[in-house]
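As structure tokens, the structure follows; a few thoughts come after it.
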Amino acid sequence: MRADELREAYLSFFEGKGHTRYPSDSLVPANDPTLLFTGAGMNQFKEMFLGVGNLPFKRATTSQKCFRTGDLDNVGKTYYHHTFFEMLGNFSFGDYFKREGILWQWEFLTKVLRIPVDRLWVSVYKDDEEAFSVWEKEVRIQRERIWRMGAKDNFWPANAPEEGPNGPCGPCSEIFFDFGSPGKEGDPEAKRYCEIGNIVFTQFNRVGRNDLQPLKQRNIDTGMGFERILAVLNGHRSNFETELFRPIIDEVARIAGKKYAYDDPLGPQFRRIADHVRAGVFLVADGVKPSNEGRGYVARRVLRRAIRDGIALGIDKPFLERLVPVIVGIMGRAYPEVKSAEQAATAFLRAEDEKFRETYHTGIELLERELRGLRGQTLPGETAFVLYDSHGFPYELCEEICAERGMRVDRAGFDREMEKQRARSREGSTMGGEVFVATALTALKKSVGETEFTGYEREEAESLAEAVIRGETPVDEIAPKDGDTRILAKATPFYSESGGQVGDAGEIRGPRGKFRVTDTKRIEGYVFHYGRVEEGSIRRGDKLEMRVDRRRRSGIRRNHSATHLLHAALRTVLGKHVTQAGSLVAPDRLRFDFTHPKPVTAAELSAIEEWVQEEILLNSDVVTERMETTKAKAMGAMALFGEKYGDVVRVVRIGDHSLELCGGTHVGSSAEIGTALVTAEGGVAAGVRRIEMISGGGAFELARTQRGTLRGLALALKAQPEALGQRVEALQHELRELRKREAEQAKSSGHAAVEGLVRGAVAAKGVKVVAGVVDGEDPGALRTISDAIQKQVGESVLLLAGRGKERSSLLVMASDGAVKRGAKAGDLLRGLAERVGGKGGGKPQIAQGQAPAAAALEAALDAAREEVLALLSR
């Protein structure tokens with residue numbers, strides 16, 4: 001069975017059992033601040049499990065994209081561990097329970113997939129007689145094939161009765177496939193048995209140690225391992241041998257010029273690359289860009305592990321981008337967002353690969369520096385970890401380099417730092433009882449409906465305070481002393497942050513107080529107004545007068561419509577390969593990231609700006625319409641990078657060239673934008689560019705400021721504004737001529753300095769020692785003089801100083817013959833620098849440093865020369 005067939009078979013089977021087929025949630029939980037990433041199929045149904053959700057069904061089935069890093073170190077080493085994976089799921093929210101949950105899963109595995117009954121084993125919680133009875137008496141599986149396990153293995157969260165977190169929990173029943181060997185009979189953890197599914201029976205609420213109280217609503221949460229079942233159906237022990245991974249591994253082998261074999265010592269590197277790059281592509285498709293914080297940092301870490309493995313395989317050039325089309329070919333049909341993000345993923349992965357390779361080589365240099373300054377024979381584990389984590393420098397290589405020098409690495413210290421990082425990873429992605437952490441919204445859902453948005457039609461409205469919130473606690477009243485608080489209203493004209501557009505600001509007035517809104521955000525269908533009470537108080541149930549900051553909203557509208565025109569202009573001027581890779585729409589500016597392989601030229605920027613301005617002057621109507629997503633995309637509407645859309649979408653059309661899916665606020669006609677000017681263009685990553693613009697009043701202010709600057713320059717340079725270019729060019733020519741004359745004079749004086757220093761050379765056993773001071777502190781000029789001297793005298797030691805007005809430069813050079821006789825430049829430079837109160841260092845052949853301008857250079861150089869002559873004369 002192929003992967004797409006398996007996924008469809010599962011969803012269709014449970015649809016036939018009355019389940020609603022529900023789409024996979026994004027890897028970035030849109031409505032759950034307690035999770036960094038979606039780690040299980042049940043995450044998006046948390047509110048339904050708690051009995052406060054408002055989805056119109058009691059049964060659901062999904063194939064959920066998941067991302068976890070809790071087992072990061074096992075990826076590639078075991079048959080089954082992954083960062084990104086799919087979880088097949090069927091869920092019951094207070095509907096059916098253990099009997100149907102078990103029987104239907106068994107029916108799917110043995111009747112639909114036709115897995116032989118004698119190859120399946122199961123486990124139950126040791127005290128769960130109900131589940132045991134269903135398996136034994138209704139499924140009719142032999143007693144000896146049903147393992148009774150403790151809370152660590154068969155209770156969710158693990159060990160919940162004794163030490164788990166408070167909240168919903170329950171026993172679970174796992175299903176295993178028996179490969180026949182190897183393994184110890186009766187041990188479900190041995191490699192003979194592969195867990196392919198787990199049915200969680202959420203039936204208790206833990207309120208304390210060993211204090212489990214029955215839930216009013218009992219639920220079913222089934223998670224089936226998509227990759228594992230696919231491997232079983234196709235006769236593979238390892239998930240990495242399936243069609244989901246093997247084409248990626250084969251492409252890596254082609255790039256590396258090596259053959260792949262599962263048991264080869266390099267096998268784990270191949271498998272890690274396949275897993276991590278697949279995860280990276282899906283993360284980018286869901287809007288996660290590699291960065292140094294939050295989710296982006298996790299994505300960066302995973303991709304950098306893949307690059308390190310590539311380096312270990314001998315791949316000396318960036319290669320991640322070459323795997324993107326392979327992954328899109330495998331997963332694009334099931335997840336169209338991956339296909340849509342192919343260009344963005346290619347660009348971001350290429351950039352990460354190039355950037356990290358530079359960082360990796362920097363790591364080698366940093367290690368060398370650390371070892372030079374090391375006191376003792378042990379490199380601190382913390383230092384080794386920084387090299388590993390920040391610069392991708394493998395611990396093993398660090399250990400090898402240290403061993404070559406008779407040193408060691410503090411492995412225990414390194415392991416401590418690594419464990420701290422693993423703990424941080426588990427906090428962000430692990431599945432545990434914390435999934436049911438209550439938020440303000442959890443409590444409110446029981447009594448409050450979703451917020452109606454009225455802001456497309458008006459910027460003022462009357463409403464009702466459904467809730468006022470301090471921290472995560474709904475309260476009766478908020479006042480200035482409470483600081484940052486939130487208001488949830490029944491309806492609102494305030495637009496919540498979405499699609500790159502910032503949230504509205506403004507004020508809310510109640511019968512006895514005023515609330516200053518500084519931001520607006522939507523969680524699920526609920527709009528929260530963030531800010532502070534400025535006067536009096538606001539109470540739950542108050543009638544509210546809500547006023548959006550019109551001036552600010554107007555700036556946002558202009559910039560948002562200008563963003564759409566900019567997108568269309570880029571595709572017109574640069575080509576249809578341009579796709580959005582991120583955006584920001586603020587009241588004072590807009591920022592637009594897009595895929596493009598090279599910098600935008602000045603001529604192209606001018607054409608883009610002109611195209612946008614022409615569309616503004618056409619005064620085209622900005623038309624919005626709601627329609628089915630499939631129809632909108634068929635019309636050619638552009639979708640936002642990283643955004644998810646429902647069955648019905650809002651489409652914004654500006655003139656004949658701009659058509660986008662967009663829920664933001666816009667001007668009524670393009671002429672309302674006024675004008676739009678490009679303020680910056682640059683690279684975000686390889687293959688990703690960024691343009692910044694301003695519009696309306698901001699553009700006018702910029703033009704006025706620049707015009708004033710132009711007038712000031714014209715006055716200073718005594719030229720008409722239109723002749724400034726010619727005047728500047730003439731001044732540059734004069735400057736070039738002046739510098740040319742200075743260079744010729746310096747060269748002439750340099751020749752004289754070289755001849756004088758060579759004449760003063762003193763020989764010791766075939767090595768000439770040259771010492772002296774020249775004018776000018778330029779280290780480059782000093783190096784040029786030293787090269788010229790060494791070319792004339794051959795085997796030598798050069799002790800030079802360049803005296804400047806503010807400081808002096810020091811330079812020591814030693815030929816190979818001199819170094820062999822003990823005259824090392826680095827050591828000599830450090831001694832010279834100490835004599836004159838300076839500092840510096842370097843290698844045996846060349847070293848450089850600096851000293852104060854007033855230093856007694858001549859005396860110090862004389863002393864250094866005598867020291868070198870004595871050394872060479874031994």
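Following the order of the structure tokens, first chain is A, next is B, and so on, with residues numbered from 1 inside each chain and ligands from 1 in the order they appear.
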Practice item. Taking the chain letters and numbering used in this document, name the residues of region 481-558 of chain A that DSSP puts in helix (DSSP H, G or I), as a list in words. Key: Lys481, Asp482, Arg550, Arg551, Arg552, Arg553, Ser554, Gly555, Ile556, Arg557 and Arg558 of chain A
Practice item. With a distance cut-off of 8 Å and only C-alpha atoms, select the neighbouring residues of Ala569 (chain A), excluding the residue or stretch itself and same-chain residues fewer than 6 positions from it, and output the selection as an NGL selection string. Key: :A and (608 or 611-612)
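Residues with any atom within 7 Å of Glu681 (chain A), counting only C-alpha atoms and excluding same-chain neighbours fewer than 2 positions away, are A:Arg690, A:Ile691, A:Glu692.
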Keeping all heavy atoms, export the residues of the selection given above as a PDB file, in the first residue's frame.
ATOM      1  N   ARG A 690      14.062  41.590   0.499  1.00  0.00           N
ATOM      2  CA  ARG A 690      13.096  42.369   1.287  1.00  0.00           C
ATOM      3  C   ARG A 690      13.049  43.795   0.745  1.00  0.00           C
ATOM      4  O   ARG A 690      14.083  44.405   0.514  1.00  0.00           O
ATOM      5  CB  ARG A 690      13.489  42.384   2.754  1.00  0.00           C
ATOM      6  CG  ARG A 690      12.688  43.375   3.607  1.00  0.00           C
ATOM      7  CD  ARG A 690      13.047  43.255   5.072  1.00  0.00           C
ATOM      8  NE  ARG A 690      12.574  41.992   5.618  1.00  0.00           N
ATOM      9  CZ  ARG A 690      12.862  41.541   6.844  1.00  0.00           C
ATOM     10  NH1 ARG A 690      13.646  42.270   7.634  1.00  0.00           N
ATOM     11  NH2 ARG A 690      12.393  40.385   7.265  1.00  0.00           N
ATOM     12  N   ILE A 691      11.826  44.272   0.534  1.00  0.00           N
ATOM     13  CA  ILE A 691      11.618  45.666   0.162  1.00  0.00           C
ATOM     14  C   ILE A 691      10.782  46.332   1.246  1.00  0.00           C
ATOM     15  O   ILE A 691       9.805  45.759   1.740  1.00  0.00           O
ATOM     16  CB  ILE A 691      10.911  45.785  -1.207  1.00  0.00           C
ATOM     17  CG1 ILE A 691      11.916  45.522  -2.339  1.00  0.00           C
ATOM     18  CG2 ILE A 691      10.284  47.157  -1.393  1.00  0.00           C
ATOM     19  CD1 ILE A 691      11.338  45.676  -3.734  1.00  0.00           C
ATOM     20  N   GLU A 692      11.190  47.550   1.619  1.00  0.00           N
ATOM     21  CA  GLU A 692      10.425  48.340   2.572  1.00  0.00           C
ATOM     22  C   GLU A 692       9.908  49.578   1.859  1.00  0.00           C
ATOM     23  O   GLU A 692      10.606  50.163   1.021  1.00  0.00           O
ATOM     24  CB  GLU A 692      11.285  48.723   3.773  1.00  0.00           C
ATOM     25  CG  GLU A 692      11.758  47.505   4.562  1.00  0.00           C
ATOM     26  CD  GLU A 692      12.512  47.878   5.819  1.00  0.00           C
ATOM     27  OE1 GLU A 692      12.150  48.903   6.448  1.00  0.00           O
ATOM     28  OE2 GLU A 692      13.458  47.157   6.172  1.00  0.00           O
TER      29      GLU A 692
END
Write out as a PDB file with N, CA, C and O atoms, in the first residue's frame the residues lying within 8 Å of region 118-127 of chain A, counting only C-alpha atoms and excluding same-chain residues fewer than 5 positions away.
ATOM      1  N   PHE A 132      -9.146  -4.776  29.088  1.00  0.00           N
ATOM      2  CA  PHE A 132      -8.670  -6.159  28.989  1.00  0.00           C
ATOM      3  C   PHE A 132      -9.787  -7.088  28.525  1.00  0.00           C
ATOM      4  O   PHE A 132      -9.586  -7.951  27.661  1.00  0.00           O
ATOM      5  N   ARG A 145      -1.199 -12.735  24.812  1.00  0.00           N
ATOM      6  CA  ARG A 145      -0.794 -11.684  23.882  1.00  0.00           C
ATOM      7  C   ARG A 145      -1.278 -10.308  24.350  1.00  0.00           C
ATOM      8  O   ARG A 145      -1.208  -9.331  23.610  1.00  0.00           O
ATOM      9  N   ILE A 146      -1.790 -10.263  25.599  1.00  0.00           N
ATOM     10  CA  ILE A 146      -2.211  -8.994  26.196  1.00  0.00           C
ATOM     11  C   ILE A 146      -1.311  -8.732  27.391  1.00  0.00           C
ATOM     12  O   ILE A 146      -1.381  -9.428  28.404  1.00  0.00           O
ATOM     13  N   TRP A 147      -0.440  -7.729  27.279  1.00  0.00           N
ATOM     14  CA  TRP A 147       0.449  -7.378  28.387  1.00  0.00           C
ATOM     15  C   TRP A 147      -0.255  -6.404  29.315  1.00  0.00           C
ATOM     16  O   TRP A 147      -0.840  -5.418  28.880  1.00  0.00           O
ATOM     17  N   ARG A 148      -0.145  -6.669  30.626  1.00  0.00           N
ATOM     18  CA  ARG A 148      -0.604  -5.702  31.630  1.00  0.00           C
ATOM     19  C   ARG A 148       0.623  -4.882  32.071  1.00  0.00           C
ATOM     20  O   ARG A 148       1.589  -5.448  32.572  1.00  0.00           O
ATOM     21  N   MET A 149       0.548  -3.589  31.869  1.00  0.00           N
ATOM     22  CA  MET A 149       1.696  -2.735  32.136  1.00  0.00           C
ATOM     23  C   MET A 149       1.345  -1.683  33.190  1.00  0.00           C
ATOM     24  O   MET A 149       0.177  -1.400  33.447  1.00  0.00           O
ATOM     25  N   GLY A 150       2.386  -1.083  33.773  1.00  0.00           N
ATOM     26  CA  GLY A 150       2.205  -0.084  34.809  1.00  0.00           C
ATOM     27  C   GLY A 150       1.917   1.306  34.243  1.00  0.00           C
ATOM     28  O   GLY A 150       1.815   1.510  33.032  1.00  0.00           O
ATOM     29  N   ALA A 151       1.827   2.278  35.156  1.00  0.00           N
ATOM     30  CA  ALA A 151       1.453   3.644  34.765  1.00  0.00           C
ATOM     31  C   ALA A 151       2.516   4.305  33.896  1.00  0.00           C
ATOM     32  O   ALA A 151       2.202   5.201  33.109  1.00  0.00           O
ATOM     33  N   ASP A 153       4.082   3.040  31.376  1.00  0.00           N
ATOM     34  CA  ASP A 153       3.904   2.669  29.978  1.00  0.00           C
ATOM     35  C   ASP A 153       2.467   2.813  29.488  1.00  0.00           C
ATOM     36  O   ASP A 153       2.251   3.101  28.305  1.00  0.00           O
ATOM     37  N   ASN A 154       1.493   2.597  30.337  1.00  0.00           N
ATOM     38  CA  ASN A 154       0.118   2.536  29.872  1.00  0.00           C
ATOM     39  C   ASN A 154      -0.843   3.440  30.637  1.00  0.00           C
ATOM     40  O   ASN A 154      -1.977   3.059  30.946  1.00  0.00           O
ATOM     41  N   PHE A 155      -0.355   4.628  30.930  1.00  0.00           N
ATOM     42  CA  PHE A 155      -1.228   5.662  31.469  1.00  0.00           C
ATOM     43  C   PHE A 155      -0.780   6.977  30.850  1.00  0.00           C
ATOM     44  O   PHE A 155       0.418   7.206  30.641  1.00  0.00           O
ATOM     45  N   PRO A 171      -6.051   5.703  31.403  1.00  0.00           N
ATOM     46  CA  PRO A 171      -5.253   4.571  30.941  1.00  0.00           C
ATOM     47  C   PRO A 171      -5.229   4.534  29.417  1.00  0.00           C
ATOM     48  O   PRO A 171      -6.028   5.199  28.752  1.00  0.00           O
ATOM     49  N   CYS A 172      -4.302   3.771  28.872  1.00  0.00           N
ATOM     50  CA  CYS A 172      -4.246   3.626  27.423  1.00  0.00           C
ATOM     51  C   CYS A 172      -3.965   2.188  27.054  1.00  0.00           C
ATOM     52  O   CYS A 172      -3.548   1.376  27.887  1.00  0.00           O
ATOM     53  N   SER A 173      -4.194   1.882  25.795  1.00  0.00           N
ATOM     54  CA  SER A 173      -3.962   0.538  25.282  1.00  0.00           C
ATOM     55  C   SER A 173      -3.158   0.646  23.995  1.00  0.00           C
ATOM     56  O   SER A 173      -3.575   1.333  23.057  1.00  0.00           O
ATOM     57  N   GLU A 174      -1.988   0.022  23.975  1.00  0.00           N
ATOM     58  CA  GLU A 174      -1.106   0.112  22.821  1.00  0.00           C
ATOM     59  C   GLU A 174      -1.204  -1.152  21.970  1.00  0.00           C
ATOM     60  O   GLU A 174      -1.469  -2.249  22.481  1.00  0.00           O
ATOM     61  N   ILE A 175      -0.959  -0.981  20.682  1.00  0.00           N
ATOM     62  CA  ILE A 175      -1.004  -2.094  19.734  1.00  0.00           C
ATOM     63  C   ILE A 175       0.383  -2.240  19.125  1.00  0.00           C
ATOM     64  O   ILE A 175       0.984  -1.256  18.683  1.00  0.00           O
ATOM     65  N   PHE A 176       0.894  -3.487  19.091  1.00  0.00           N
ATOM     66  CA  PHE A 176       2.241  -3.757  18.602  1.00  0.00           C
ATOM     67  C   PHE A 176       2.204  -4.737  17.430  1.00  0.00           C
ATOM     68  O   PHE A 176       1.382  -5.654  17.398  1.00  0.00           O
ATOM     69  N   PHE A 177       3.126  -4.533  16.484  1.00  0.00           N
ATOM     70  CA  PHE A 177       3.338  -5.498  15.408  1.00  0.00           C
ATOM     71  C   PHE A 177       4.546  -6.349  15.772  1.00  0.00           C
ATOM     72  O   PHE A 177       5.584  -5.832  16.187  1.00  0.00           O
ATOM     73  N   ASP A 178       4.407  -7.650  15.583  1.00  0.00           N
ATOM     74  CA  ASP A 178       5.444  -8.614  15.944  1.00  0.00           C
ATOM     75  C   ASP A 178       6.251  -8.982  14.697  1.00  0.00           C
ATOM     76  O   ASP A 178       5.735  -9.621  13.778  1.00  0.00           O
ATOM     77  N   PHE A 179       7.521  -8.561  14.650  1.00  0.00           N
ATOM     78  CA  PHE A 179       8.387  -8.908  13.519  1.00  0.00           C
ATOM     79  C   PHE A 179       8.934 -10.334  13.625  1.00  0.00           C
ATOM     80  O   PHE A 179       9.558 -10.825  12.687  1.00  0.00           O
TER      81      PHE A 179
END
Review point. If you run DSSP on this backbone, which residues of region 639-817 of chain A come out as strand (DSSP E or B), and could you give them as a count of residues only?
Key: 58
Check your understanding: Nearest to Thr359 (chain A): which of A:Ala864, A:Val338, A:Arg308, A:His666 is it, counting only C-alpha atoms?
Key ->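 Nearest candidate to Thr359 (chain A) out of A:Ala864, A:Val338, A:Arg308, A:His666: A:Arg308.
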Practice item. Can you pull out every residue within 12 Å of region 553-558 of chain A, counting only C-alpha atoms, but drop anything in the same chain fewer than 3 positions away, and send it as a PyMOL selection string? Key: chain A and resi 455-456+458-460+493-497+500-506+547-550+561-565+584-590+616+622+663-676+693-699
For the interface of region 190-302 of chain A with region 384-393 of chain A (cut-off 12 Å, counting only C-alpha atoms), please tabulate each contacting residue of region 190-302 of chain A alongside its nearest pair of atoms and their separation in Å to one decimal, rows sorted by chain and increasing number, as JSON lines.
{"residue": "A:Asn292", "atom": "CA", "partner": "A:Ser390", "partner_atom": "CA", "distance": 10.0}
{"residue": "A:Tyr297", "atom": "CA", "partner": "A:Ser390", "partner_atom": "CA", "distance": 10.9}
{"residue": "A:Val298", "atom": "CA", "partner": "A:Asp389", "partner_atom": "CA", "distance": 11.6}
{"residue": "A:Arg300", "atom": "CA", "partner": "A:Ser390", "partner_atom": "CA", "distance": 10.4}
{"residue": "A:Arg301", "atom": "CA", "partner": "A:Asp389", "partner_atom": "CA", "distance": 8.0}
{"residue": "A:Val302", "atom": "CA", "partner": "A:Asp389", "partner_atom": "CA", "distance": 11.0}
